[in-house]
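Asker: This is run13.cif (mmCIF, C-alpha atoms).
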```cif
data_work
loop_
_atom_site.label_atom_id
_atom_site.label_comp_id
_atom_site.auth_asym_id
_atom_site.auth_seq_id
_atom_site.Cartn_x
_atom_site.Cartn_y
_atom_site.Cartn_z
CA MET A 1 76.21 74.55 133.63
CA THR A 2 75.63 75.89 130.14
CA ASP A 3 78.35 76.07 127.56
CA PRO A 4 79.71 79.55 126.79
CA PRO A 5 78.41 81.05 123.56
CA PRO A 6 80.66 80.49 120.55
CA PRO A 7 82.90 83.41 119.66
CA ALA A 8 81.47 85.79 117.11
CA ALA A 9 82.72 85.33 113.58
CA PRO A 10 85.28 87.95 112.53
CA GLU A 11 84.15 90.81 110.35
CA ARG A 12 85.85 90.50 106.98
CA LEU A 13 87.25 93.60 105.29
CA ILE A 14 87.65 93.95 101.53
CA GLY A 15 90.13 96.68 100.69
CA GLY A 16 89.92 98.47 97.39
CA VAL A 17 92.33 100.80 95.59
CA VAL A 18 91.80 102.32 92.15
CA ALA A 19 95.12 103.24 90.57
CA PHE A 20 95.96 105.24 87.45
CA GLU A 21 99.47 106.47 86.72
CA GLU A 22 100.31 106.20 90.43
CA GLY A 23 103.73 104.53 90.30
CA GLY A 24 105.32 104.37 93.74
CA ARG A 25 102.33 106.06 95.38
CA LEU A 26 100.36 102.85 94.90
CA GLN A 27 102.92 100.92 96.94
CA SER A 28 102.49 103.41 99.80
CA ALA A 29 98.70 103.23 99.59
CA ILE A 30 98.65 99.42 99.77
CA ASP A 31 101.21 99.28 102.56
CA SER A 32 99.20 101.81 104.58
CA LEU A 33 96.20 99.46 104.53
CA LEU A 34 98.02 96.20 105.20
CA ALA A 35 99.94 97.76 108.11
CA GLN A 36 96.75 98.79 109.92
CA ARG A 37 96.12 97.41 113.39
CA LEU A 38 92.51 96.28 113.09
CA PRO A 39 89.95 96.22 115.92
CA ASP A 40 88.89 93.01 117.61
CA ARG A 41 86.88 90.66 115.38
CA ALA A 42 88.04 92.33 112.15
CA GLU A 43 90.46 90.98 109.56
CA TRP A 44 91.46 91.61 105.96
CA GLU A 45 89.98 89.11 103.57
CA GLU A 46 91.24 90.62 100.33
CA LEU A 47 92.73 93.81 98.94
CA ARG A 48 91.62 94.47 95.34
CA ILE A 49 93.73 96.75 93.15
CA VAL A 50 92.12 97.94 89.91
CA VAL A 51 94.60 98.98 87.20
CA GLY A 52 94.46 99.43 83.45
CA ARG A 53 96.26 96.96 81.21
CA ASP A 54 97.81 99.84 79.30
CA ASP A 55 99.22 101.44 82.49
CA GLU A 56 102.17 99.07 82.79
CA PRO A 57 104.21 101.00 85.42
CA THR A 58 101.27 100.99 87.84
CA ALA A 59 100.36 97.39 86.98
CA THR A 60 103.94 96.33 87.74
CA VAL A 61 103.74 97.83 91.23
CA ALA A 62 100.39 96.11 91.79
CA ARG A 63 101.78 92.72 90.73
CA GLU A 64 104.79 93.14 93.02
CA CYS A 65 102.48 93.84 95.96
CA ALA A 66 100.40 90.76 95.08
CA ALA A 67 103.55 88.63 94.96
CA ARG A 68 104.46 89.73 98.49
CA ASP A 69 101.02 89.28 100.07
CA ARG A 70 98.50 86.66 98.95
CA ARG A 71 95.61 88.88 100.09
CA VAL A 72 96.38 91.38 97.33
CA VAL A 73 94.46 90.69 94.10
CA VAL A 74 95.07 92.64 90.90
CA VAL A 75 91.98 93.39 88.79
CA TYR A 76 92.72 94.54 85.24
CA GLU A 77 90.52 96.87 83.23
CA ALA A 78 90.61 96.16 79.52
CA GLN A 79 89.54 99.73 78.84
CA ARG A 80 89.64 102.71 81.16
CA ARG A 81 86.07 103.91 81.85
CA GLY A 82 86.56 106.21 84.81
CA LYS A 83 86.85 105.86 88.56
CA SER A 84 83.24 104.89 89.23
CA ALA A 85 83.48 101.92 86.86
CA ALA A 86 86.73 100.85 88.54
CA ILE A 87 85.15 101.06 92.02
CA ALA A 88 82.20 99.04 90.72
CA GLU A 89 84.70 96.31 89.78
CA ILE A 90 85.64 96.14 93.46
CA LEU A 91 82.12 96.28 94.89
CA ASP A 92 80.37 94.00 92.43
CA ARG A 93 82.72 91.10 93.17
CA GLY A 94 81.08 90.96 96.60
CA GLY A 95 82.43 89.19 99.67
CA GLY A 96 83.27 90.49 103.10
CA ASP A 97 81.30 92.54 105.60
CA TYR A 98 82.81 95.93 104.83
CA PHE A 99 84.57 97.52 101.88
CA VAL A 100 87.40 99.93 102.69
CA LEU A 101 88.16 102.12 99.68
CA LEU A 102 91.34 104.20 99.47
CA ASN A 103 92.50 106.49 96.68
CA GLY A 104 95.62 105.29 94.90
CA ASP A 105 97.45 108.54 95.70
CA ALA A 106 96.53 108.54 99.41
CA GLU A 107 97.76 106.84 102.59
CA ALA A 108 95.61 105.73 105.52
CA ALA A 109 97.17 106.88 108.78
CA PRO A 110 97.76 104.26 111.53
CA GLY A 111 94.50 103.44 113.27
CA ALA A 112 92.33 104.96 110.54
CA VAL A 113 90.63 101.73 109.45
CA ALA A 114 89.93 100.74 113.06
CA ASP A 115 88.22 104.10 113.59
CA LEU A 116 86.09 103.60 110.48
CA VAL A 117 85.02 100.13 111.58
CA THR A 118 84.24 101.34 115.11
CA MET A 119 82.07 104.13 113.75
CA ALA A 120 80.30 101.76 111.36
CA ARG A 121 79.49 99.35 114.19
CA SER A 122 77.78 102.21 116.06
CA LEU A 123 75.52 103.23 113.17
CA PRO A 124 71.92 102.07 113.52
CA ARG A 125 71.07 101.02 109.96
CA ARG A 126 72.41 99.23 106.91
CA PRO A 127 73.54 99.99 104.29
CA CYS A 128 76.02 102.42 105.78
CA GLY A 129 78.96 104.55 104.73
CA VAL A 130 81.68 106.14 106.88
CA MET A 131 84.25 108.60 105.61
CA GLY A 132 87.63 109.45 107.07
CA ARG A 133 89.26 112.85 107.45
CA PRO A 134 91.52 113.91 104.55
CA MET A 135 94.73 115.71 105.52
CA PRO A 136 96.83 117.35 102.78
CA SER A 137 100.36 116.04 102.44
CA MET A 138 102.53 119.07 101.65
CA ASP A 139 106.17 119.33 100.64
CA ARG A 140 106.33 123.10 101.20
CA ILE A 141 104.48 125.95 102.90
CA ASP A 142 103.43 128.94 100.81
CA VAL A 143 100.23 130.81 100.02
CA TYR A 144 98.98 128.09 97.67
CA THR A 145 99.56 125.13 100.00
CA THR A 146 98.13 127.12 102.91
CA ALA A 147 94.99 127.70 100.83
CA LEU A 148 94.60 123.93 100.36
CA GLU A 149 95.21 123.31 104.05
CA ILE A 150 92.41 125.78 104.80
CA LEU A 151 90.13 124.11 102.22
CA TRP A 152 90.44 120.76 103.99
CA ALA A 153 89.98 122.50 107.35
CA TYR A 154 86.65 123.86 106.10
CA HIS A 155 85.73 120.35 104.99
CA HIS A 156 86.42 119.02 108.49
CA ARG A 157 84.64 121.85 110.31
CA PHE A 158 81.51 121.39 108.18
CA HIS A 159 81.28 117.61 108.53
CA GLU A 160 82.07 117.79 112.24
CA LEU A 161 79.17 120.21 112.74
CA VAL A 162 76.73 118.74 110.21
CA PRO A 163 77.16 114.98 109.90
CA SER A 164 75.85 113.61 106.62
CA ASN A 165 72.10 113.33 107.02
CA ASP A 166 68.79 114.03 105.34
CA ARG A 167 69.70 117.66 104.75
CA ALA A 168 73.19 117.16 103.41
CA PRO A 169 74.09 113.68 102.12
CA HIS A 170 77.77 113.49 101.24
CA LEU A 171 80.75 111.19 101.65
CA SER A 172 84.38 111.90 100.83
CA ASP A 173 86.00 109.14 98.81
CA GLU A 174 89.67 109.54 99.84
CA LEU A 175 89.13 106.90 102.55
CA LEU A 176 85.67 105.41 102.68
CA LEU A 177 84.05 102.42 104.37
CA LEU A 178 80.87 100.85 102.98
CA SER A 179 78.87 97.99 104.42
CA ALA A 180 78.93 95.08 102.01
CA ALA A 181 75.30 94.16 102.71
CA GLU A 182 72.98 95.98 100.30
CA HIS A 183 75.75 98.27 99.12
CA PRO A 184 74.70 100.68 96.35
CA HIS A 185 75.43 99.97 92.73
CA LEU A 186 77.78 102.56 91.23
CA PRO A 187 77.20 103.10 87.49
CA SER A 188 79.84 104.20 85.02
CA GLY A 189 80.21 107.89 84.31
CA ILE A 190 79.84 109.13 87.89
CA VAL A 191 82.45 111.76 88.72
CA ASN A 192 81.86 112.36 92.43
CA ASP A 193 81.41 108.78 93.58
CA GLY A 194 81.32 109.76 97.26
CA ALA A 195 78.31 112.02 96.73
CA TYR A 196 76.55 109.41 94.58
CA LEU A 197 77.06 106.68 97.18
CA ALA A 198 75.87 108.98 99.97
CA PHE A 199 72.65 109.81 98.16
CA SER A 200 72.09 106.14 97.31
CA ILE A 201 72.57 105.07 100.94
CA HIS A 202 70.26 107.85 102.11
CA GLU A 203 67.55 106.81 99.65
CA ALA A 204 67.85 103.24 100.96
CA SER A 205 67.22 104.57 104.52
CA GLY A 206 70.78 103.70 105.53
CA SER A 207 73.24 105.50 107.81
CA LEU A 208 76.10 107.88 107.03
CA GLY A 209 78.95 108.75 109.37
CA TYR A 210 82.13 110.78 109.72
CA ALA A 211 85.16 109.48 111.63
CA PRO A 212 87.34 112.61 112.17
CA THR A 213 90.12 110.60 113.81
CA ALA A 214 90.44 108.34 110.74
CA HIS A 215 93.09 110.46 109.05
CA VAL A 216 94.06 109.89 105.44
CA ARG A 217 96.99 111.73 103.88
CA VAL A 218 96.17 112.99 100.40
CA ALA A 219 98.56 114.26 97.75
CA ILE A 220 97.86 117.77 96.51
CA PRO A 221 98.16 119.15 92.98
CA ARG A 222 101.62 120.52 92.28
CA THR A 223 100.47 123.92 91.02
CA TRP A 224 97.56 126.29 91.45
CA ILE A 225 96.45 125.68 87.87
CA ASP A 226 96.39 121.93 88.46
CA HIS A 227 94.32 122.56 91.60
CA LEU A 228 91.79 124.58 89.60
CA ARG A 229 91.53 121.75 87.07
CA GLN A 230 90.90 119.26 89.85
CA ARG A 231 88.32 121.49 91.56
CA ARG A 232 86.57 122.10 88.23
CA ARG A 233 86.10 118.36 87.85
CA ILE A 234 84.95 117.88 91.46
CA LEU A 235 82.42 120.71 91.25
CA TRP A 236 81.17 119.32 87.92
CA GLY A 237 80.58 116.10 89.82
CA HIS A 238 78.56 117.96 92.44
CA LEU A 239 76.37 119.41 89.68
CA GLN A 240 75.97 115.93 88.21
CA ALA A 241 74.81 114.63 91.61
CA ARG A 242 72.36 117.52 91.94
CA ASP A 243 70.90 116.80 88.51
CA THR A 244 70.65 113.09 89.32
CA PHE A 245 69.09 113.31 92.78
CA GLY A 246 67.44 116.73 92.74
CA GLN A 247 69.55 117.94 95.66
CA SER A 248 73.09 119.28 96.01
CA PRO A 249 75.58 117.32 98.14
CA GLY A 250 76.37 118.72 101.56
CA THR A 251 79.41 121.02 101.38
CA PHE A 252 80.92 123.88 103.34
CA ALA A 253 79.99 126.31 100.55
CA LEU A 254 76.34 125.21 100.49
CA TYR A 255 76.07 125.43 104.27
CA ALA A 256 77.80 128.82 104.27
CA ALA A 257 75.20 130.23 101.89
CA HIS A 258 72.52 129.54 104.52
CA HIS A 259 74.65 130.26 107.60
CA PRO A 260 76.97 133.14 106.60
CA ALA A 261 77.74 134.27 110.17
CA TRP A 262 79.01 130.80 111.10
CA ALA A 263 81.00 130.53 107.88
CA LEU A 264 82.67 133.91 108.30
CA ARG A 265 83.64 133.02 111.86
CA VAL A 266 85.18 129.72 110.72
CA MET A 267 87.03 131.44 107.87
CA ARG A 268 88.42 134.06 110.21
CA GLU A 269 89.49 131.44 112.76
CA GLU A 270 91.24 129.24 110.19
CA ALA A 271 92.99 132.20 108.55
CA SER A 272 94.22 133.65 111.84
CA GLN A 273 95.83 130.34 112.83
CA ARG A 274 98.20 130.35 109.85
CA ARG A 275 100.91 132.54 108.47
CA ARG A 276 99.65 134.13 105.23
CA GLY A 277 96.24 132.78 106.22
CA PHE A 278 94.20 135.75 105.02
CA ARG A 279 96.00 135.93 101.67
CA ALA A 280 95.52 132.19 101.28
CA THR A 281 91.80 132.54 102.04
CA LEU A 282 91.39 135.15 99.31
CA LEU A 283 93.23 132.88 96.86
CA LEU A 284 91.06 129.92 97.87
CA VAL A 285 87.77 131.81 97.46
CA ALA A 286 88.83 133.21 94.08
CA GLY A 287 89.79 129.73 92.90
CA GLU A 288 86.49 128.20 94.02
CA LEU A 289 84.56 130.86 92.13
CA LEU A 290 86.60 130.30 88.97
CA ALA A 291 86.26 126.53 89.21
CA MET A 292 82.51 126.75 89.79
CA VAL A 293 81.99 129.04 86.79
CA ALA A 294 84.02 126.66 84.61
CA ALA A 295 82.16 123.58 85.93
CA THR A 296 78.78 125.23 85.40
CA CYS A 297 79.72 126.13 81.81
CA ASP A 298 80.92 122.58 81.19
CA ARG A 299 77.68 121.16 82.55
CA GLY A 300 75.55 123.57 80.54
CA LEU A 301 77.41 122.77 77.34
CA GLY A 302 77.11 119.02 77.92
CA ARG A 303 80.85 118.38 78.22
CA ASN A 304 81.43 114.91 79.69
CA SER A 305 85.23 114.81 79.55
CA HIS A 306 85.42 114.83 83.36
CA GLU A 307 84.04 111.29 83.56
CA VAL A 308 87.41 109.81 82.59
CA TRP A 309 89.73 112.20 84.33
CA THR A 310 93.08 113.50 83.17
CA ARG A 311 95.78 113.05 85.78
CA VAL A 312 97.05 116.33 87.24
CA ALA A 313 100.64 116.64 88.43
CA LEU A 314 100.92 115.97 92.18
CA SER A 315 103.41 117.31 94.71
CA PRO A 316 105.90 114.84 96.20
CA GLN A 317 104.68 113.21 99.41
#
```
As a first step, turn the structure in this file into structure tokens.

Answerer:
Amino acid sequence: MTDPPPPAAPERLIGGVVAFEEGGRLQSAIDSLLAQRLPDRAEWEELRIVVGRDDEPTATVARECAARDRRVVVVYEAQRRGKSAAIAEILDRGGGDYFVLLNGDAEAAPGAVADLVTMARSLPRRPCGVMGRPMPSMDRIDVYTTALEILWAYHHRFHELVPSNDRAPHLSDELLLLSAAEHPHLPSGIVNDGAYLAFSIHEASGSLGYAPTAHVRVAIPRTWIDHLRQRRRILWGHLQARDTFGQSPGTFALYAAHHPAWALRVMREEASQRRRGFRATLLLVAGELLAMVAATCDRGLGRNSHEVWTRVALSPQ
């Protein structure tokens, strides 16, 4: 009789949260990760929180979380250099089998990390990246918040139909899993880190995936003007990725330009499902056009202020 094979070693997860002027939101983000029920053979090894030394309110929350759970490690930045540099602090310290990155103003829904890990296990190649599904966290319902709900619905419909692949590399960074083995290096100054990582994984012949059941609740800008500022920065980041890799990241807007009949059907369906849906769609489209014009002008004029972002006011969660 032969001895049974030894049990497989557990897969070690390294959590990562970048926090800037988050306050109590950081506590919710960390708790949402530590409270996850993980799949078999997966366990948290460490949760790294990157904060600036001059952001004392956020650093205080991070230290309190570390005092309560030994797996939480606070990483201080002497000087704020932007989100990509902060994420690099998490990745370049190595360890683990997977990194699970969560925005400091977001919360991973129960079961989200398990769904990411399950999807990653099914992907054929390494390195790999798997993104979750962002869901806006709204404190009211009006034309503006409905427009943002529709925006994220477009995001879901596109990635559900066209998984990130050779034609449309892209990863959302609100909740993102990366394989630790051969993970891409993320340089400073990158605005859309999800797009950069997706292109890097694609160029390394890795795999990209979307886990639509891995919900992550994201805070939304408090006002329409704050939303336009945020979108201007995001679209500037898309232009930066295009200039870097010679190809635009996969987005609903890019796909719609080549498949207008599909896009119009999706827009009609999403608008008809919501009160004020058609007014919200018009507001959303107008805002995207304004933000793209502003981002294009910024890029053409060589403005790099988006690399170290200015915090916009967020609605209460």

Asker: Give as a tab-separated table (two decimals) with C-alpha atoms, keeping the file's coordinate frame the residues that the PyMOL selection byres ((chain A and resi 127-132) around 10) matches when applied to the coordinates above.

Answerer:
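What landed in selection04.tsv:
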```
chain	number	residue	atom	x	y	z
A	98	TYR	CA	82.81	95.93	104.83
A	99	PHE	CA	84.57	97.52	101.88
A	100	VAL	CA	87.40	99.93	102.69
A	101	LEU	CA	88.16	102.12	99.68
A	102	LEU	CA	91.34	104.20	99.47
A	108	ALA	CA	95.61	105.73	105.52
A	112	ALA	CA	92.33	104.96	110.54
A	113	VAL	CA	90.63	101.73	109.45
A	115	ASP	CA	88.22	104.10	113.59
A	116	LEU	CA	86.09	103.60	110.48
A	117	VAL	CA	85.02	100.13	111.58
A	118	THR	CA	84.24	101.34	115.11
A	119	MET	CA	82.07	104.13	113.75
A	120	ALA	CA	80.30	101.76	111.36
A	121	ARG	CA	79.49	99.35	114.19
A	123	LEU	CA	75.52	103.23	113.17
A	124	PRO	CA	71.92	102.07	113.52
A	125	ARG	CA	71.07	101.02	109.96
A	126	ARG	CA	72.41	99.23	106.91
A	133	ARG	CA	89.26	112.85	107.45
A	134	PRO	CA	91.52	113.91	104.55
A	135	MET	CA	94.73	115.71	105.52
A	156	HIS	CA	86.42	119.02	108.49
A	159	HIS	CA	81.28	117.61	108.53
A	164	SER	CA	75.85	113.61	106.62
A	170	HIS	CA	77.77	113.49	101.24
A	171	LEU	CA	80.75	111.19	101.65
A	172	SER	CA	84.38	111.90	100.83
A	173	ASP	CA	86.00	109.14	98.81
A	174	GLU	CA	89.67	109.54	99.84
A	175	LEU	CA	89.13	106.90	102.55
A	176	LEU	CA	85.67	105.41	102.68
A	177	LEU	CA	84.05	102.42	104.37
A	178	LEU	CA	80.87	100.85	102.98
A	179	SER	CA	78.87	97.99	104.42
A	180	ALA	CA	78.93	95.08	102.01
A	181	ALA	CA	75.30	94.16	102.71
A	182	GLU	CA	72.98	95.98	100.30
A	183	HIS	CA	75.75	98.27	99.12
A	184	PRO	CA	74.70	100.68	96.35
A	194	GLY	CA	81.32	109.76	97.26
A	197	LEU	CA	77.06	106.68	97.18
A	198	ALA	CA	75.87	108.98	99.97
A	200	SER	CA	72.09	106.14	97.31
A	201	ILE	CA	72.57	105.07	100.94
A	202	HIS	CA	70.26	107.85	102.11
A	204	ALA	CA	67.85	103.24	100.96
A	205	SER	CA	67.22	104.57	104.52
A	206	GLY	CA	70.78	103.70	105.53
A	207	SER	CA	73.24	105.50	107.81
A	208	LEU	CA	76.10	107.88	107.03
A	209	GLY	CA	78.95	108.75	109.37
A	210	TYR	CA	82.13	110.78	109.72
A	211	ALA	CA	85.16	109.48	111.63
A	212	PRO	CA	87.34	112.61	112.17
A	213	THR	CA	90.12	110.60	113.81
A	214	ALA	CA	90.44	108.34	110.74
A	215	HIS	CA	93.09	110.46	109.05
A	216	VAL	CA	94.06	109.89	105.44
```

Asker: When you draw a straight line from CA of Glu269 in chain A to CA of Leu151 in chain A, how long is it in Å?

Answerer: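 Separation of CA of Glu269 in chain A and CA of Leu151 in chain A: 12.9 Å.
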
Asker: State, in Å with one decimal place, the distance from CA of Gly96 in chain A to CA of Glu11 in chain A.

Answerer: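 Interatomic distance, CA of Gly96 in chain A to CA of Glu11 in chain A: 7.3 Å.
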
Asker: Run the PyMOL selection byres ((chain A and resi 58-70) around 6) mentally over the shown coordinates, then write out the matched residues as a tab-separated table (two decimals) with C-alpha atoms, keeping the file's coordinate frame, using the chain letters and numbers from the document.

Answerer:
```tsv
chain	number	residue	atom	x	y	z
A	21	GLU	CA	99.47	106.47	86.72
A	22	GLU	CA	100.31	106.20	90.43
A	23	GLY	CA	103.73	104.53	90.30
A	51	VAL	CA	94.60	98.98	87.20
A	55	ASP	CA	99.22	101.44	82.49
A	56	GLU	CA	102.17	99.07	82.79
A	57	PRO	CA	104.21	101.00	85.42
A	71	ARG	CA	95.61	88.88	100.09
A	72	VAL	CA	96.38	91.38	97.33
```

Asker: Please determine, counting all atoms listed in the file, which residue among A:Leu34, A:Phe20, A:Val74, A:Ser248 has the shortest atom-to-atom distance to Asp54 in chain A.

Answerer: A:Phe20

Asker: Near range 222-228 of chain A, counting all atoms listed in the file, which residues have an atom at most 12 Å away, once you skip same-chain residues fewer than 5 positions from it, shown as number ranges by chain?

Answerer: A: 136-140, 142-148, 151, 233-236, 280, 283-295, 310-317
